[in-house]
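Okay, entry09.pdb now, which holds PDB, C-alpha atoms:
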ATOM      1  CA  MET S  12      15.906  28.751   9.054
ATOM      2  CA  LYS S  13      16.521  29.185  12.761
ATOM      3  CA  ILE S  14      18.027  26.787  15.278
ATOM      4  CA  SER S  15      19.053  27.548  18.795
ATOM      5  CA  ASN S  16      22.845  27.253  18.534
ATOM      6  CA  LEU S  17      23.353  28.782  15.085
ATOM      7  CA  ASN S  18      24.116  32.457  15.789
ATOM      8  CA  ILE S  19      27.530  32.243  17.456
ATOM      9  CA  PRO S  20      29.649  35.327  16.584
ATOM     10  CA  ASN S  21      33.195  35.044  15.270
ATOM     11  CA  ALA S  22      34.314  36.957  18.367
ATOM     12  CA  ALA S  23      33.544  33.908  20.502
ATOM     13  CA  ARG S  24      37.029  32.409  20.726
ATOM     14  CA  THR S  25      38.298  29.352  22.534
ATOM     15  CA  LYS S  26      40.772  30.649  25.100
ATOM     16  CA  ARG S  27      42.682  27.415  25.631
ATOM     17  CA  TYR S  28      44.357  25.149  23.075
ATOM     18  CA  VAL S  29      43.491  21.485  23.272
ATOM     19  CA  SER S  30      46.842  19.719  23.053
ATOM     20  CA  GLN S  31      45.633  16.149  22.685
ATOM     21  CA  LYS S  32      46.256  14.545  19.317
ATOM     22  CA  ILE S  33      43.236  14.124  17.098
ATOM     23  CA  LYS S  34      42.108  10.514  17.131
ATOM     24  CA  GLN S  35      42.041   8.941  13.699
ATOM     25  CA  LYS S  36      38.573   7.665  14.297
ATOM     26  CA  THR S  37      35.543   8.344  12.141
ATOM     27  CA  SER S  38      32.409   9.782  13.705
ATOM     28  CA  ASP S  39      30.453   6.547  13.370
ATOM     29  CA  GLY S  40      33.056   4.850  15.552
ATOM     30  CA  VAL S  41      32.698   7.336  18.418
ATOM     31  CA  TYR S  42      30.773   5.952  21.393
ATOM     32  CA  SER S  43      27.873   8.259  22.141
ATOM     33  CA  ARG S  44      24.537   8.636  23.822
ATOM     34  CA  ASP S  45      22.406  11.774  23.505
ATOM     35  CA  PRO S  46      24.939  13.640  21.317
ATOM     36  CA  PHE S  47      25.224  17.407  21.134
ATOM     37  CA  ILE S  48      27.471  19.233  18.645
ATOM     38  CA  MET S  49      28.130  22.983  18.510
ATOM     39  CA  LEU S  50      30.065  24.786  15.771
ATOM     40  CA  CYS S  51      32.145  27.662  17.139
ATOM     41  CA  ASP S  52      35.229  29.396  15.719
ATOM     42  CA  ASP S  53      35.508  26.800  12.908
ATOM     43  CA  LYS S  54      35.667  23.927  15.380
ATOM     44  CA  TYR S  55      33.018  21.364  16.263
ATOM     45  CA  TYR S  56      32.454  20.838  19.995
ATOM     46  CA  PHE S  57      30.953  17.489  20.949
ATOM     47  CA  TYR S  58      29.632  17.436  24.548
ATOM     48  CA  SER S  59      29.161  14.193  26.484
ATOM     49  CA  LYS S  60      28.448  13.011  30.007
ATOM     50  CA  ALA S  61      31.454  11.829  31.944
ATOM     51  CA  GLU S  62      31.714   9.806  35.152
ATOM     52  CA  ASN S  63      32.212  12.900  37.278
ATOM     53  CA  GLY S  64      31.048  15.755  35.067
ATOM     54  CA  VAL S  65      30.783  16.843  31.447
ATOM     55  CA  SER S  66      33.461  16.462  28.780
ATOM     56  CA  CYS S  67      33.982  17.827  25.291
ATOM     57  CA  SER S  68      35.815  16.551  22.212
ATOM     58  CA  LEU S  69      36.842  18.797  19.307
ATOM     59  CA  SER S  70      36.932  18.205  15.574
ATOM     60  CA  LEU S  71      37.711  20.136  12.412
ATOM     61  CA  ASP S  72      35.844  17.792  10.079
ATOM     62  CA  LEU S  73      33.164  15.863  12.057
ATOM     63  CA  GLU S  74      35.175  12.665  11.549
ATOM     64  CA  ASN S  75      38.372  12.896  13.573
ATOM     65  CA  TRP S  76      37.908  13.868  17.218
ATOM     66  CA  SER S  77      40.252  14.886  20.036
ATOM     67  CA  GLU S  78      40.424  13.073  23.327
ATOM     68  CA  PRO S  79      37.721  14.444  25.661
ATOM     69  CA  VAL S  80      38.490  17.438  27.851
ATOM     70  CA  MET S  81      36.597  18.016  31.111
ATOM     71  CA  VAL S  82      34.587  21.238  30.958
ATOM     72  CA  TYR S  83      32.757  20.704  34.256
ATOM     73  CA  THR S  84      33.916  18.543  37.164
ATOM     74  CA  MET S  85      31.512  18.027  40.034
ATOM     75  CA  PRO S  86      32.729  19.338  43.425
ATOM     76  CA  LYS S  87      33.113  17.097  46.476
ATOM     77  CA  ASP S  88      29.861  18.376  48.008
ATOM     78  CA  PHE S  89      27.873  17.939  44.792
ATOM     79  CA  HIS S  90      24.157  17.284  45.304
ATOM     80  CA  GLY S  91      23.825  14.754  42.471
ATOM     81  CA  VAL S  92      23.851  11.146  43.646
ATOM     82  CA  LYS S  93      23.092   9.146  40.470
ATOM     83  CA  ASP S  94      21.964   9.488  36.839
ATOM     84  CA  LEU S  95      24.679  12.098  36.547
ATOM     85  CA  PHE S  96      24.924  14.675  33.759
ATOM     86  CA  TRP S  97      22.398  13.226  31.353
ATOM     87  CA  ALA S  98      22.212  14.680  27.821
ATOM     88  CA  PRO S  99      24.450  17.747  28.232
ATOM     89  CA  GLU S 100      23.931  20.579  25.756
ATOM     90  CA  CYS S 101      25.940  23.796  25.284
ATOM     91  CA  HIS S 102      24.357  26.965  23.862
ATOM     92  CA  TYR S 103      25.754  30.425  23.162
ATOM     93  CA  TYR S 104      23.498  33.229  24.408
ATOM     94  CA  ASN S 105      24.141  36.925  25.057
ATOM     95  CA  GLY S 106      27.914  36.663  25.308
ATOM     96  CA  ASN S 107      28.203  33.473  27.366
ATOM     97  CA  PHE S 108      28.076  29.731  26.899
ATOM     98  CA  TYR S 109      25.453  27.791  28.850
ATOM     99  CA  LEU S 110      25.622  24.112  29.703
ATOM    100  CA  ILE S 111      22.277  22.409  30.380
ATOM    101  CA  THR S 112      22.166  18.949  31.944
ATOM    102  CA  SER S 113      20.419  16.927  34.666
ATOM    103  CA  VAL S 114      21.241  14.762  37.691
ATOM    104  CA  PHE S 115      19.282  12.876  40.327
ATOM    105  CA  SER S 116      19.522  15.242  43.298
ATOM    106  CA  ASN S 117      19.694  14.376  47.000
ATOM    107  CA  ARG S 118      17.936  17.693  47.671
ATOM    108  CA  THR S 119      14.728  16.811  45.846
ATOM    109  CA  GLY S 120      14.851  13.027  45.454
ATOM    110  CA  ARG S 121      14.225  13.559  41.726
ATOM    111  CA  ARG S 122      16.046  14.165  38.480
ATOM    112  CA  ASN S 123      16.371  17.923  37.952
ATOM    113  CA  ILE S 124      17.827  20.146  35.221
ATOM    114  CA  ALA S 125      20.494  22.707  36.097
ATOM    115  CA  VAL S 126      22.159  25.470  34.061
ATOM    116  CA  TYR S 127      25.915  26.220  34.117
ATOM    117  CA  ARG S 128      27.655  29.275  32.619
ATOM    118  CA  SER S 129      31.107  30.012  31.188
ATOM    119  CA  GLU S 130      32.748  32.595  28.942
ATOM    120  CA  ASP S 131      34.510  29.763  27.104
ATOM    121  CA  PRO S 132      32.980  26.687  25.412
ATOM    122  CA  LEU S 133      35.607  24.559  27.181
ATOM    123  CA  GLY S 134      34.708  25.976  30.578
ATOM    124  CA  PRO S 135      35.162  25.969  33.414
ATOM    125  CA  PHE S 136      31.385  26.091  33.856
ATOM    126  CA  VAL S 137      29.723  27.299  37.064
ATOM    127  CA  ASP S 138      26.235  26.340  38.266
ATOM    128  CA  ILE S 139      24.014  29.440  38.155
ATOM    129  CA  SER S 140      20.713  27.723  39.006
ATOM    130  CA  ASP S 141      21.529  26.299  42.454
ATOM    131  CA  GLY S 142      21.152  22.758  41.178
ATOM    132  CA  CYS S 143      17.650  23.096  39.744
ATOM    133  CA  VAL S 144      16.111  25.444  37.218
ATOM    134  CA  GLY S 145      12.334  25.480  37.532
ATOM    135  CA  LYS S 146      10.143  23.364  39.789
ATOM    136  CA  PRO S 147      12.138  21.082  42.135
ATOM    137  CA  GLU S 148       9.016  18.972  42.705
ATOM    138  CA  TRP S 149       8.936  18.060  39.000
ATOM    139  CA  SER S 150      11.093  15.244  37.576
ATOM    140  CA  THR S 151      12.832  16.899  34.616
ATOM    141  CA  ILE S 152      15.539  15.921  32.102
ATOM    142  CA  ASP S 153      16.736  16.719  28.566
ATOM    143  CA  GLY S 154      16.540  20.505  28.659
ATOM    144  CA  THR S 155      17.248  22.512  25.515
ATOM    145  CA  LEU S 156      17.376  26.272  24.946
ATOM    146  CA  TYR S 157      15.089  28.020  22.480
ATOM    147  CA  VAL S 158      15.204  31.756  21.779
ATOM    148  CA  ASP S 159      12.027  33.137  20.188
ATOM    149  CA  ASN S 160      11.764  35.866  17.553
ATOM    150  CA  GLU S 161      11.531  38.514  20.277
ATOM    151  CA  GLY S 162      14.836  37.357  21.751
ATOM    152  CA  ARG S 163      13.223  35.738  24.811
ATOM    153  CA  PRO S 164      14.842  32.534  26.125
ATOM    154  CA  TRP S 165      12.776  29.417  26.829
ATOM    155  CA  LEU S 166      13.633  26.031  28.278
ATOM    156  CA  VAL S 167      12.060  23.103  26.450
ATOM    157  CA  PHE S 168      12.336  19.941  28.508
ATOM    158  CA  VAL S 169      11.032  16.513  29.427
ATOM    159  CA  HIS S 170       8.510  16.320  32.262
ATOM    160  CA  GLU S 171       9.291  12.715  33.067
ATOM    161  CA  TRP S 172       6.795   9.879  33.203
ATOM    162  CA  THR S 173       8.269   8.941  36.596
ATOM    163  CA  GLY S 174       6.865  12.161  38.068
ATOM    164  CA  ASN S 175       3.355  11.966  36.640
ATOM    165  CA  PRO S 176       0.475  10.071  38.286
ATOM    166  CA  ASP S 177      -0.547   8.431  34.990
ATOM    167  CA  ASN S 178       3.076   7.377  34.214
ATOM    168  CA  ILE S 179       2.949   9.202  30.884
ATOM    169  CA  GLY S 180       5.797  11.517  29.935
ATOM    170  CA  ARG S 181       5.177  15.057  28.806
ATOM    171  CA  MET S 182       7.081  17.656  26.816
ATOM    172  CA  ALA S 183       7.078  21.002  28.597
ATOM    173  CA  VAL S 184       8.201  24.617  28.152
ATOM    174  CA  ALA S 185       8.830  27.619  30.400
ATOM    175  CA  ARG S 186      10.215  31.133  29.956
ATOM    176  CA  LEU S 187      13.691  31.660  31.379
ATOM    177  CA  SER S 188      15.159  34.737  32.984
ATOM    178  CA  ASP S 189      17.566  36.758  30.852
ATOM    179  CA  ASN S 190      20.515  35.154  32.655
ATOM    180  CA  LEU S 191      18.948  31.673  32.233
ATOM    181  CA  SER S 192      19.143  30.957  35.972
ATOM    182  CA  HIS S 193      15.420  30.459  36.734
ATOM    183  CA  PHE S 194      11.915  30.307  35.283
ATOM    184  CA  VAL S 195       9.934  33.527  34.908
ATOM    185  CA  SER S 196       6.748  31.730  33.843
ATOM    186  CA  GLU S 197       4.925  28.665  35.074
ATOM    187  CA  PRO S 198       6.033  25.571  33.146
ATOM    188  CA  LYS S 199       3.461  24.243  30.709
ATOM    189  CA  ASP S 200       3.012  20.717  29.336
ATOM    190  CA  ILE S 201       2.562  20.985  25.586
ATOM    191  CA  PHE S 202       2.051  17.344  24.540
ATOM    192  CA  LEU S 203       2.082  13.759  25.803
ATOM    193  CA  ALA S 204       4.319  10.874  24.809
ATOM    194  CA  THR S 205       1.244   9.032  23.623
ATOM    195  CA  ASP S 206       0.126  11.821  21.271
ATOM    196  CA  THR S 207       2.033  10.271  18.373
ATOM    197  CA  LYS S 208       0.425   7.250  16.700
ATOM    198  CA  PHE S 209       3.837   5.555  16.581
ATOM    199  CA  ALA S 210       4.242   5.369  20.376
ATOM    200  CA  LYS S 211       4.475   1.996  22.097
ATOM    201  CA  ASN S 212       5.856   3.564  25.248
ATOM    202  CA  SER S 213       5.223   6.592  27.476
ATOM    203  CA  ILE S 214       8.641   8.205  27.077
ATOM    204  CA  THR S 215       9.444  11.742  25.958
ATOM    205  CA  ASP S 216      13.144  12.185  25.178
ATOM    206  CA  GLY S 217      15.513  14.625  23.536
ATOM    207  CA  PRO S 218      13.601  17.719  22.311
ATOM    208  CA  TYR S 219      15.278  20.035  19.830
ATOM    209  CA  LEU S 220      13.851  22.978  17.866
ATOM    210  CA  TYR S 221      14.034  24.094  14.248
ATOM    211  CA  GLU S 222      12.140  26.916  12.535
ATOM    212  CA  THR S 223      11.218  26.579   8.855
ATOM    213  CA  GLU S 224      11.518  29.372   6.320
ATOM    214  CA  SER S 225       7.780  30.066   6.704
ATOM    215  CA  GLY S 226       8.041  30.337  10.483
ATOM    216  CA  ARG S 227       6.636  26.943  11.463
ATOM    217  CA  LEU S 228       8.301  25.606  14.597
ATOM    218  CA  ILE S 229       9.417  21.969  14.351
ATOM    219  CA  MET S 230      10.399  19.913  17.391
ATOM    220  CA  ILE S 231      12.216  16.615  17.016
ATOM    221  CA  TRP S 232      11.910  14.226  19.958
ATOM    222  CA  SER S 233      12.222  10.511  20.721
ATOM    223  CA  ASN S 234      10.079   7.653  21.973
ATOM    224  CA  PHE S 235       9.787   3.896  21.416
ATOM    225  CA  GLY S 236       7.725   2.176  18.720
ATOM    226  CA  LYS S 237       7.390  -1.196  17.031
ATOM    227  CA  ASN S 238      10.937  -0.955  15.666
ATOM    228  CA  GLY S 239      12.554   0.444  18.800
ATOM    229  CA  TYR S 240      13.789   3.947  19.522
ATOM    230  CA  PHE S 241      12.784   6.563  16.950
ATOM    231  CA  ILE S 242      12.772  10.306  16.242
ATOM    232  CA  ALA S 243       9.372  11.913  15.813
ATOM    233  CA  LYS S 244       8.420  15.384  14.614
ATOM    234  CA  ALA S 245       5.893  17.739  16.156
ATOM    235  CA  TYR S 246       5.008  21.235  14.957
ATOM    236  CA  SER S 247       3.432  24.472  16.143
ATOM    237  CA  ASP S 248       2.182  27.350  13.998
ATOM    238  CA  ASN S 249       1.593  29.661  16.963
ATOM    239  CA  GLY S 250       4.776  29.677  18.983
ATOM    240  CA  ILE S 251       6.725  27.608  21.456
ATOM    241  CA  ASP S 252       3.910  27.499  24.027
ATOM    242  CA  GLY S 253       1.188  27.191  21.399
ATOM    243  CA  ASP S 254      -0.757  24.264  19.970
ATOM    244  CA  TRP S 255       1.492  21.339  19.114
ATOM    245  CA  LYS S 256       0.555  18.573  16.670
ATOM    246  CA  GLN S 257       2.388  15.387  15.744
ATOM    247  CA  GLU S 258       3.464  14.778  12.159
ATOM    248  CA  ASP S 259       2.319  11.659  10.334
ATOM    249  CA  GLU S 260       5.849  10.565   9.416
ATOM    250  CA  LEU S 261       8.844   9.881  11.633
ATOM    251  CA  LEU S 262      12.199  11.521  10.975
ATOM    252  CA  TYR S 263      14.241   8.420  11.842
ATOM    253  CA  GLU S 264      13.075   4.828  12.363
ATOM    254  CA  LYS S 265      14.852   1.492  12.039
ATOM    255  CA  GLY S 266      14.031  -0.101   8.697
ATOM    256  CA  SER S 267      12.276   2.935   7.220
ATOM    257  CA  LYS S 268      15.203   3.211   4.796
ATOM    258  CA  PRO S 269      17.689   0.454   3.852
ATOM    259  CA  GLU S 270      20.494   2.479   5.452
ATOM    260  CA  PHE S 271      18.760   2.561   8.847
ATOM    261  CA  VAL S 272      19.835  -0.850  10.096
ATOM    262  CA  PHE S 273      19.519  -0.023  13.807
ATOM    263  CA  ASP S 274      17.101   1.997  15.874
ATOM    264  CA  GLY S 275      18.290   5.355  17.184
ATOM    265  CA  GLY S 276      17.297   8.729  18.479
ATOM    266  CA  HIS S 277      17.771  11.599  20.908
ATOM    267  CA  GLY S 278      18.750  13.798  17.978
ATOM    268  CA  MET S 279      19.802  17.421  17.650
ATOM    269  CA  ILE S 280      20.208  19.746  14.673
ATOM    270  CA  PHE S 281      23.127  21.954  13.678
ATOM    271  CA  VAL S 282      24.548  23.702  10.617
ATOM    272  CA  ASP S 283      28.007  22.582   9.460
ATOM    273  CA  LYS S 284      30.840  24.695   8.020
ATOM    274  CA  GLN S 285      29.471  24.291   4.494
ATOM    275  CA  GLY S 286      26.048  25.573   5.565
ATOM    276  CA  LYS S 287      24.443  22.129   5.386
ATOM    277  CA  LEU S 288      21.737  21.220   7.864
ATOM    278  CA  ARG S 289      22.760  18.196   9.942
ATOM    279  CA  LEU S 290      21.137  15.737  12.328
ATOM    280  CA  ALA S 291      23.220  14.101  15.070
ATOM    281  CA  LEU S 292      21.792  11.068  16.895
ATOM    282  CA  HIS S 293      22.952   7.920  18.641
ATOM    283  CA  THR S 294      22.375   4.469  17.197
ATOM    284  CA  PRO S 295      21.612   1.749  18.219
ATOM    285  CA  ASN S 296      19.834   2.668  21.440
ATOM    286  CA  ILE S 297      21.176  -0.436  23.188
ATOM    287  CA  PRO S 298      24.086  -2.618  22.018
ATOM    288  CA  VAL S 299      23.326  -5.098  19.237
ATOM    289  CA  GLY S 300      26.028  -7.753  19.188
ATOM    290  CA  GLU S 301      29.311  -5.908  18.730
ATOM    291  CA  ASN S 302      27.538  -2.719  17.645
ATOM    292  CA  TYR S 303      27.536  -0.235  20.524
ATOM    293  CA  GLU S 304      25.827   3.135  20.745
ATOM    294  CA  HIS S 305      27.677   5.517  18.470
ATOM    295  CA  LEU S 306      27.404   8.948  16.899
ATOM    296  CA  LEU S 307      25.625   9.117  13.557
ATOM    297  CA  ILE S 308      25.518  12.365  11.554
ATOM    298  CA  LEU S 309      23.074  12.696   8.656
ATOM    299  CA  GLU S 310      22.196  15.538   6.304
ATOM    300  CA  LEU S 311      18.751  17.152   6.554
ATOM    301  CA  GLN S 312      16.716  19.173   4.099
ATOM    302  CA  GLU S 313      13.661  21.353   4.439
ATOM    303  CA  ASN S 314      10.755  20.273   2.245
ATOM    304  CA  ASN S 315       7.026  21.092   2.308
ATOM    305  CA  ASN S 316       7.313  23.063   5.557
ATOM    306  CA  THR S 317       9.040  20.255   7.454
ATOM    307  CA  ILE S 318      12.436  18.558   7.609
ATOM    308  CA  GLU S 319      13.533  15.167   6.285
ATOM    309  CA  ILE S 320      16.732  13.172   6.027
ATOM    310  CA  LYS S 321      18.615  13.608   2.776
ATOM    311  CA  LEU S 322      20.356  10.449   1.553
TER
END

Output the file's structure in the form of structure tokens.
Amino acid sequence: MKISNLNIPNAARTKRYVSQKIKQKTSDGVYSRDPFIMLCDDKYYFYSKAENGVSCSLSLDLENWSEPVMVYTMPKDFHGVKDLFWAPECHYYNGNFYLITSVFSNRTGRRNIAVYRSEDPLGPFVDISDGCVGKPEWSTIDGTLYVDNEGRPWLVFVHEWTGNPDNIGRMAVARLSDNLSHFVSEPKDIFLATDTKFAKNSITDGPYLYETESGRLIMIWSNFGKNGYFIAKAYSDNGIDGDWKQEDELLYEKGSKPEFVFDGGHGMIFVDKQGKLRLALHTPNIPVGENYEHLLILELQENNNTIEIKL
């Protein structure tokens, strides 16, 4: 089993104490879109977009969360003009924490992914990619870090439908420099939004990687189908930039199980304190009556060389 944010050493310590009282609020009552949770030093760090940057809430039990703390605040001369700080993720790599998120930039007239670095998971984070990692002429969002078995870092990301002549979104990969500040390979599209039989839309959202015990690489990602937003699974048997195929079953879809009352997606995978494999997603994708987008955490299990939700 290998996931990108699993191998955080005990030496990685939070330097500052978060003084806010823990909110007595269960995880399924926490407003969320595009959730990302990292376990570090026996605390769970939940990163979210904020109006003027990126914030983080802490928890000891995945149920009760602190008030959010700003880990990155955009400067007055910030290049982002809208669609600010979509889907922030934080990864530990080679002694530092890296924040990956996107904004619509006035430099390129597109949404671009940038990488920010800090020695502390609560920041402050500093932009190390000059506002755009990769090709500024590409419209890119939802970047996630993957480190291969040779220790090489890759960015897996959405090559947006808005930037493609056929209006079909792609999933793409590129090798990153050792300091994660820029690409060292040409980005490569690895599949289309329409490659899954469940697609009713041309969206590619929220990639995240998991490696099975046999070495198969699984990517979860989201699109829209007959029952709304869903989480699909793709797999590669020959590496991150290899040949990707779509699985015949979705990981999460509204109505596929009695418990799945709403649609939901943009998931990520982490291992909890008890060593259980977990899926975090937001549900519903848009408000349904009084039900707003909130964090949902489910248990996963590996079975027959893939992953499935354990209920």

Residues picked by the PyMOL selection byres ((chain S and resi 64) around 10) here, as a PyMOL selection string?
chain S and resi 59-63+65-66+81-86+95-97+99+112

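Residues matched by the PyMOL selection byres ((chain S and resi 58) around 10) in this file: Ser43, Asp45, Pro46, Phe47, Ile48, Met49, Tyr55, Tyr56, Phe57, Ser59, Lys60, Ala61, Val65, Ser66, Cys67, Ser68, Leu69, Pro79, Val80, Met81, Val82, Ala98, Pro99, Glu100, Cys101, Leu110, Pro132 and Leu133 of chain S.
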
Taking 4 positions as the minimum chain separation for residues in the same chain, which residues sit within 6 Å of His293 in chain S when counting all atoms listed in the file? Answer as a list of chain:residue names.
S:Arg44, S:Gly275, S:Gly276, S:Glu304, S:His305, S:Leu306, S:Leu307

Which polymer residues have any atom within 10 Å of an atom of Asp248 in chain S, counting all atoms listed in the file, with same-chain residues fewer than 2 positions away left out, as a ChimeraX atom specification?
/S:225-229,246,250-251,253-256

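Interatomic distance, CA of Leu71 in chain S to CA of Lys54 in chain S: 5.2 Å.
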
Nearby residues (all atoms listed in the file) at most 8 Å from Glu130 in chain S, same-chain spacing under 4 positions excluded, as a PyMOL selection string
chain S and resi 106-108+134

Could you save those same residues with C-alpha atoms as a PDB file, in the coordinates of the input?
ATOM      1  CA  GLY S 106      27.914  36.663  25.308  1.00  0.00           C
ATOM      2  CA  ASN S 107      28.203  33.473  27.366  1.00  0.00           C
ATOM      3  CA  PHE S 108      28.076  29.731  26.899  1.00  0.00           C
ATOM      4  CA  GLY S 134      34.708  25.976  30.578  1.00  0.00           C
TER       5      GLY S 134
END

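Comparing S:Phe89, S:Phe271, S:Tyr240, S:Tyr263 by their smallest distance to Ile297 in chain S, the closest is S:Tyr240 (using only C-alpha atoms).
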
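Closest to Tyr221 in chain S among S:Tyr157, S:Phe168, S:Phe241, S:Phe209 is S:Tyr157, based on all atoms listed in the file.
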
Residues matched by the PyMOL selection byres ((chain S and resi 277-286) around 6) as a CSV table (one decimal) with C-alpha atoms, keeping the file's coordinate frame:
chain,number,residue,atom,x,y,z
S,45,ASP,CA,22.4,11.8,23.5
S,217,GLY,CA,15.5,14.6,23.5
S,219,TYR,CA,15.3,20.0,19.8
S,233,SER,CA,12.2,10.5,20.7
S,276,GLY,CA,17.3,8.7,18.5
S,287,LYS,CA,24.4,22.1,5.4
S,288,LEU,CA,21.7,21.2,7.9
S,289,ARG,CA,22.8,18.2,9.9
S,290,LEU,CA,21.1,15.7,12.3
S,291,ALA,CA,23.2,14.1,15.1
S,292,LEU,CA,21.8,11.1,16.9

Distance in Å - CA of Arg181 in chain S versus CA of Thr207 in chain S
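Answer for the CA of Arg181 in chain S to CA of Thr207 in chain S separation: 11.9 Å.
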
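Taking all atoms listed in the file, the non-local environment of Asp88 in chain S within 12 Å (same-chain residues fewer than 6 positions away omitted) comprises Ser116, Asn117, Arg118 and Gly142 of chain S.
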
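If you measure from each of S:Asn249, S:Asn212, S:Phe115, S:Thr223 to Phe235 in chain S using all atoms listed in the file, the closest one turns out to be S:Asn212.
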
Please compute the CA of Gly120 in chain S-CA of Thr151 in chain S distance, one decimal, in Å.
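We find that CA of Gly120 in chain S and CA of Thr151 in chain S lie 11.7 Å from each other.
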
Leaving out Lys199 in chain S and any residue of its chain fewer than 6 positions from it, which residues lie within 9 Å of it when counting all atoms listed in the file, given as a ChimeraX atom specification?
/S:182-185,252

When you count only C-alpha atoms, which of these residues is closest to Ile111 in chain S: S:Ser192, S:Ser213, S:Asn75, S:Gln257?
S:Ser192

Pick out the closest residue to His102 in chain S from this set: S:Gly145, S:Gly154, S:Pro135, S:Pro298. Count all atoms listed in the file.
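Among the listed residues, S:Gly154 lies closest to His102 in chain S.
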
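Restricting the calculation to only C-alpha atoms, the smallest distance between Ile201 in chain S and any of S:Ser247, S:Ser267, S:Asn178, S:Thr155 is found for S:Ser247.
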